[in-house]
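Since the structure comes first, as structure tokens, the remarks are kept for the end.
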Amino acid sequence: MELSEIVELRPEPAAGLLVALTRRCPLSCAHCSTASTMDSPDHPNGPRRTQLLRFVRSFTPEQRPEALLLTGGEPLLLPGLVHELTRAAQAAGSRVALLSGLFFARGGGPVPATILRAITALDHFSASLDAPHEREVPRAAVFRVLARVLDAGVPVSLHLTGTGPEDPYLAEATDAVLREFGARVPMLVNEVRPVGRARSLPPRAVGGVPHAPAFAPGRGGPCAMAAWPAIAPDGTVVACCNQQAVDRRPVPPHLRLGHLAEDDWPAIRRRTLDSPRLRLIRTLGPDRLRARHGAEPAPGGYCGGCHALPERPGADDLAAAGPAGRLLDQLTAARRRAEGPAALLRHYGCAPYAHLVRPGATT
């Protein structure tokens, strides 16, 4: 599964599921959106191995996410669980991707056997590469791991972050990746946002925007981030992967889909597809929805406006509950998928680098 396939699926409701396996991470990158450390206690009522496996084993060939994305913290602190979840999801026809900070590569030795077993079971492996990560894991070590995974036949990609389109690091790093791997390693390039540990960074280090939301679409409008549920480390299932939404407690009612201890995938999928409020966020966007409710602009910009949506249903909610709302949701997703993965990343990521999502693209 290539990176472009994952991104292309992103606007499709319930086509994917994100799972944060842990809050813990051996790295201490200054820009970390989750503020993960090895001292980060996973929630005492958080997702247990049996709960996660039960949930993933509720996937069926008829009702399954196309893509399961495993994140953290650092998910490869739990290589046995990663392997079990991967095989369970694949048994139902899902494909599995994982994002790692490559903590295990710092010493320059071979990839530990248990970690390599987990990685080679995946359908896609992605690694982080940016200036803060390079202070923790040398670039040469990252390249060695990627080459090893490619040799094992697993598609790979890199997730890079910088301060914005003019960041010289992004130009230098992406050129280095292209020289080393050519079209074999696509890249998803984003901008640092003031979330997690990055909140303490100066504005110039955070995308140049002091109060930018975590996934702000540059032009407002419909929000594709409300298409895929995300399981937080405490087991709460949230309708958005924006770190502000994943971390916020209580979760805004329209963004809370359930809990790992109580729900299975078919229930979460049904709520994702059938929620009138989520349909409207995906098709109109929170700004237009707030305006139709007569609500004043909310602090926190686009994402803050979504979190502060009025709880009371409006006429739009009632209309979106029927067949017309379902059709509009489907048409919106189909249109965004037809635009291609680079178009989505021009909207949500670092626009000048959006074309690097597709191997071999040059424009």
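Just remember, in the structure tokens the first chain shown is A, the second B, etc., residues are 1-based per chain, and ligands are 1-based in the order shown.
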
- Distance query Ala131 in chain A at most 12 Å, only C-alpha atoms, self and fewer than 3 positions along chain excluded, as number ranges by chain: A: 29-32, 128, 134-139, 159-163, 167-170, 172-173, 192, 205

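Residues of range 91-129 of chain A that DSSP places in alpha helix (DSSP H), based on the backbone of this structure, are Ala91, Ala113, Thr114, Ile115, Leu116, Arg117, Ala118, Ile119, Thr120 and Ala121 of chain A.
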
Residue neighbourhood Asp264 in chain A, 12 Å, only C-alpha atoms, exclusion window fewer than 6 positions, as a PyMOL selection string:
chain A and resi 51-60+63-64+231+235+237+257-258+270-271

Write out, as a PDB file, in the first residue's frame, the residues just selected, with N, CA, C and O atoms.
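Output saved as out35.pdb:
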```
ATOM      1  N   GLN A  51      -8.693  -5.603  24.656  1.00  0.00           N
ATOM      2  CA  GLN A  51      -9.715  -4.722  24.103  1.00  0.00           C
ATOM      3  C   GLN A  51      -9.405  -4.371  22.654  1.00  0.00           C
ATOM      4  O   GLN A  51     -10.292  -4.387  21.790  1.00  0.00           O
ATOM      5  N   LEU A  52      -8.141  -4.024  22.392  1.00  0.00           N
ATOM      6  CA  LEU A  52      -7.757  -3.667  21.034  1.00  0.00           C
ATOM      7  C   LEU A  52      -7.930  -4.846  20.079  1.00  0.00           C
ATOM      8  O   LEU A  52      -8.445  -4.696  18.968  1.00  0.00           O
ATOM      9  N   LEU A  53      -7.500  -6.020  20.531  1.00  0.00           N
ATOM     10  CA  LEU A  53      -7.641  -7.186  19.666  1.00  0.00           C
ATOM     11  C   LEU A  53      -9.110  -7.532  19.440  1.00  0.00           C
ATOM     12  O   LEU A  53      -9.515  -7.874  18.321  1.00  0.00           O
ATOM     13  N   ARG A  54      -9.925  -7.425  20.477  1.00  0.00           N
ATOM     14  CA  ARG A  54     -11.362  -7.677  20.317  1.00  0.00           C
ATOM     15  C   ARG A  54     -11.959  -6.703  19.307  1.00  0.00           C
ATOM     16  O   ARG A  54     -12.745  -7.086  18.434  1.00  0.00           O
ATOM     17  N   PHE A  55     -11.560  -5.442  19.417  1.00  0.00           N
ATOM     18  CA  PHE A  55     -12.097  -4.423  18.524  1.00  0.00           C
ATOM     19  C   PHE A  55     -11.696  -4.706  17.075  1.00  0.00           C
ATOM     20  O   PHE A  55     -12.538  -4.694  16.161  1.00  0.00           O
ATOM     21  N   VAL A  56     -10.415  -4.964  16.839  1.00  0.00           N
ATOM     22  CA  VAL A  56      -9.955  -5.205  15.470  1.00  0.00           C
ATOM     23  C   VAL A  56     -10.528  -6.506  14.926  1.00  0.00           C
ATOM     24  O   VAL A  56     -10.832  -6.612  13.734  1.00  0.00           O
ATOM     25  N   ARG A  57     -10.702  -7.480  15.790  1.00  0.00           N
ATOM     26  CA  ARG A  57     -11.297  -8.742  15.329  1.00  0.00           C
ATOM     27  C   ARG A  57     -12.785  -8.616  15.026  1.00  0.00           C
ATOM     28  O   ARG A  57     -13.384  -9.554  14.484  1.00  0.00           O
ATOM     29  N   SER A  58     -13.376  -7.445  15.355  1.00  0.00           N
ATOM     30  CA  SER A  58     -14.767  -7.214  14.965  1.00  0.00           C
ATOM     31  C   SER A  58     -14.872  -6.721  13.520  1.00  0.00           C
ATOM     32  O   SER A  58     -15.965  -6.565  12.992  1.00  0.00           O
ATOM     33  N   PHE A  59     -13.720  -6.446  12.859  1.00  0.00           N
ATOM     34  CA  PHE A  59     -13.751  -6.148  11.427  1.00  0.00           C
ATOM     35  C   PHE A  59     -14.259  -7.386  10.689  1.00  0.00           C
ATOM     36  O   PHE A  59     -13.933  -8.516  11.052  1.00  0.00           O
ATOM     37  N   THR A  60     -15.033  -7.178   9.654  1.00  0.00           N
ATOM     38  CA  THR A  60     -15.447  -8.268   8.770  1.00  0.00           C
ATOM     39  C   THR A  60     -15.171  -7.837   7.335  1.00  0.00           C
ATOM     40  O   THR A  60     -15.020  -6.641   7.048  1.00  0.00           O
ATOM     41  N   GLN A  63     -17.684  -5.236   6.603  1.00  0.00           N
ATOM     42  CA  GLN A  63     -17.605  -4.020   7.417  1.00  0.00           C
ATOM     43  C   GLN A  63     -16.212  -3.947   8.029  1.00  0.00           C
ATOM     44  O   GLN A  63     -15.952  -4.495   9.086  1.00  0.00           O
ATOM     45  N   ARG A  64     -15.335  -3.265   7.331  1.00  0.00           N
ATOM     46  CA  ARG A  64     -13.954  -3.102   7.779  1.00  0.00           C
ATOM     47  C   ARG A  64     -13.426  -1.777   7.252  1.00  0.00           C
ATOM     48  O   ARG A  64     -13.868  -1.294   6.199  1.00  0.00           O
ATOM     49  N   ILE A 231      -8.778   6.267  17.771  1.00  0.00           N
ATOM     50  CA  ILE A 231      -8.827   5.729  19.130  1.00  0.00           C
ATOM     51  C   ILE A 231      -7.697   6.347  19.931  1.00  0.00           C
ATOM     52  O   ILE A 231      -6.517   6.161  19.614  1.00  0.00           O
ATOM     53  N   GLY A 235      -8.663   4.982  25.210  1.00  0.00           N
ATOM     54  CA  GLY A 235      -9.733   4.144  24.681  1.00  0.00           C
ATOM     55  C   GLY A 235     -10.913   4.888  24.110  1.00  0.00           C
ATOM     56  O   GLY A 235     -11.791   4.272  23.500  1.00  0.00           O
ATOM     57  N   VAL A 237     -13.046   6.853  21.508  1.00  0.00           N
ATOM     58  CA  VAL A 237     -13.051   6.900  20.053  1.00  0.00           C
ATOM     59  C   VAL A 237     -13.588   8.261  19.627  1.00  0.00           C
ATOM     60  O   VAL A 237     -14.724   8.635  19.952  1.00  0.00           O
ATOM     61  N   LEU A 257     -17.454   9.220  19.555  1.00  0.00           N
ATOM     62  CA  LEU A 257     -18.138   8.114  18.900  1.00  0.00           C
ATOM     63  C   LEU A 257     -18.335   6.910  19.801  1.00  0.00           C
ATOM     64  O   LEU A 257     -19.124   6.020  19.477  1.00  0.00           O
ATOM     65  N   GLY A 258     -17.598   6.853  20.906  1.00  0.00           N
ATOM     66  CA  GLY A 258     -17.741   5.702  21.788  1.00  0.00           C
ATOM     67  C   GLY A 258     -16.477   5.432  22.551  1.00  0.00           C
ATOM     68  O   GLY A 258     -15.618   6.310  22.718  1.00  0.00           O
ATOM     69  N   ARG A 270     -20.955   2.736  11.997  1.00  0.00           N
ATOM     70  CA  ARG A 270     -22.324   3.206  11.789  1.00  0.00           C
ATOM     71  C   ARG A 270     -22.479   4.645  12.285  1.00  0.00           C
ATOM     72  O   ARG A 270     -23.087   5.482  11.599  1.00  0.00           O
ATOM     73  N   ARG A 271     -21.921   4.948  13.455  1.00  0.00           N
ATOM     74  CA  ARG A 271     -22.039   6.316  13.984  1.00  0.00           C
ATOM     75  C   ARG A 271     -21.277   7.312  13.114  1.00  0.00           C
ATOM     76  O   ARG A 271     -21.734   8.444  12.907  1.00  0.00           O
TER      77      ARG A 271
END
```

Nearest candidate to Ala308 in chain A (options A:Ala261, A:Ala245, A:Met38, A:Val357; using only C-alpha atoms):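 Among the listed residues, A:Ala245 lies closest to Ala308 in chain A.
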
task: Write out as a PyMOL selection string which residues come within 10 Å of range 277-280 of chain A when counting only C-alpha atoms, dropping same-chain ones fewer than 2 positions away.
output: chain A and resi 13+222-223+226-227+239-240+254-255+271-275+282-286+288-289+309+311+313-314+316-321+325-330+332

Closest pair table for range 97-198 of chain A residues within 8 Å of range 2-9 of chain A, only C-alpha atoms, as a Markdown table:
```
| residue | atom | partner | partner_atom | distance |
| --- | --- | --- | --- | --- |
| A:His124 | CA | A:Glu2 | CA | 6.7 |
| A:Pro155 | CA | A:Glu2 | CA | 6.1 |
| A:Val156 | CA | A:Glu2 | CA | 7.3 |
| A:Ser157 | CA | A:Leu3 | CA | 6.5 |
| A:Pro186 | CA | A:Leu3 | CA | 6.7 |
| A:Met187 | CA | A:Leu3 | CA | 7.8 |
```

Would you mind exporting the chosen residues as a compact mmCIF listing (two decimals), in the first residue's frame, restricted to all heavy atoms?
```
# COMPACT_ATOMS: atom_id res chain seq x y z
N HIS A 124 2.36 -0.98 4.99
CA HIS A 124 3.07 0.28 4.74
C HIS A 124 3.77 0.68 6.03
O HIS A 124 3.21 0.58 7.12
CB HIS A 124 2.10 1.39 4.31
CG HIS A 124 2.81 2.64 3.88
ND1 HIS A 124 3.16 2.85 2.57
CD2 HIS A 124 3.26 3.71 4.57
CE1 HIS A 124 3.79 4.02 2.47
NE2 HIS A 124 3.86 4.55 3.68
N PRO A 155 6.31 -1.34 1.30
CA PRO A 155 6.34 0.07 0.88
C PRO A 155 6.60 0.99 2.07
O PRO A 155 6.11 0.74 3.17
CB PRO A 155 4.94 0.30 0.30
CG PRO A 155 4.46 -1.07 -0.08
CD PRO A 155 5.03 -1.99 0.95
N VAL A 156 7.37 2.04 1.84
CA VAL A 156 7.72 2.97 2.91
C VAL A 156 7.43 4.40 2.49
O VAL A 156 7.23 4.70 1.31
CB VAL A 156 9.21 2.84 3.30
CG1 VAL A 156 9.57 1.41 3.69
CG2 VAL A 156 10.12 3.35 2.19
N SER A 157 7.41 5.29 3.48
CA SER A 157 7.30 6.72 3.22
C SER A 157 7.92 7.47 4.38
O SER A 157 8.26 6.89 5.41
CB SER A 157 5.83 7.14 3.05
OG SER A 157 5.10 6.95 4.26
N PRO A 186 8.06 8.03 -1.11
CA PRO A 186 7.23 9.23 -1.15
C PRO A 186 7.25 9.93 0.19
O PRO A 186 7.63 9.36 1.23
CB PRO A 186 5.84 8.69 -1.49
CG PRO A 186 5.87 7.28 -1.03
CD PRO A 186 7.27 6.80 -1.22
N MET A 187 6.83 11.19 0.19
CA MET A 187 6.90 12.00 1.40
C MET A 187 5.60 12.76 1.64
O MET A 187 4.97 13.24 0.69
CB MET A 187 8.05 13.00 1.29
CG MET A 187 9.43 12.36 1.33
SD MET A 187 10.76 13.54 0.93
CE MET A 187 10.90 13.27 -0.85
```

Residues near Met225 in chain A, cut-off 8 Å, only C-alpha atoms, skip fewer than 5 positions along chain, as a list of chain:residue names: A:Arg10, A:Pro11, A:Phe215, A:Cys240, A:Cys241, A:Asn242, A:Arg282

Pairwise distance, CA of Ala121 in chain A with CA of Asp151 in chain A, equals 13.4 Å

In Å and to one decimal, CA of Thr50 in chain A is distant from CA of Arg24 in chain A by 19.0 Å

Leaving out Ala342 in chain A and any residue of its chain fewer than 6 positions from it, which residues lie within 8 Å of it when counting only C-alpha atoms, given as a ChimeraX atom specification?
/A:354-358

For the residues in the current selection, export N, CA, C and O atoms as a PDB file, in the first residue's frame.
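Saved file again.pdb follows:
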```
ATOM      1  N   ALA A 354       3.363  19.108  -1.733  1.00  0.00           N
ATOM      2  CA  ALA A 354       2.272  18.137  -1.797  1.00  0.00           C
ATOM      3  C   ALA A 354       2.504  17.081  -2.874  1.00  0.00           C
ATOM      4  O   ALA A 354       2.092  15.928  -2.713  1.00  0.00           O
ATOM      5  N   HIS A 355       3.165  17.441  -3.963  1.00  0.00           N
ATOM      6  CA  HIS A 355       3.362  16.487  -5.062  1.00  0.00           C
ATOM      7  C   HIS A 355       4.239  15.311  -4.670  1.00  0.00           C
ATOM      8  O   HIS A 355       4.200  14.267  -5.325  1.00  0.00           O
ATOM      9  N   LEU A 356       4.998  15.423  -3.583  1.00  0.00           N
ATOM     10  CA  LEU A 356       5.899  14.337  -3.177  1.00  0.00           C
ATOM     11  C   LEU A 356       5.164  13.147  -2.586  1.00  0.00           C
ATOM     12  O   LEU A 356       5.774  12.128  -2.286  1.00  0.00           O
ATOM     13  N   VAL A 357       3.846  13.265  -2.425  1.00  0.00           N
ATOM     14  CA  VAL A 357       3.069  12.142  -1.937  1.00  0.00           C
ATOM     15  C   VAL A 357       3.005  11.011  -2.952  1.00  0.00           C
ATOM     16  O   VAL A 357       2.772   9.854  -2.597  1.00  0.00           O
ATOM     17  N   ARG A 358       3.232  11.323  -4.217  1.00  0.00           N
ATOM     18  CA  ARG A 358       3.110  10.299  -5.258  1.00  0.00           C
ATOM     19  C   ARG A 358       4.489  10.025  -5.858  1.00  0.00           C
ATOM     20  O   ARG A 358       5.139  10.941  -6.377  1.00  0.00           O
TER      21      ARG A 358
END
```
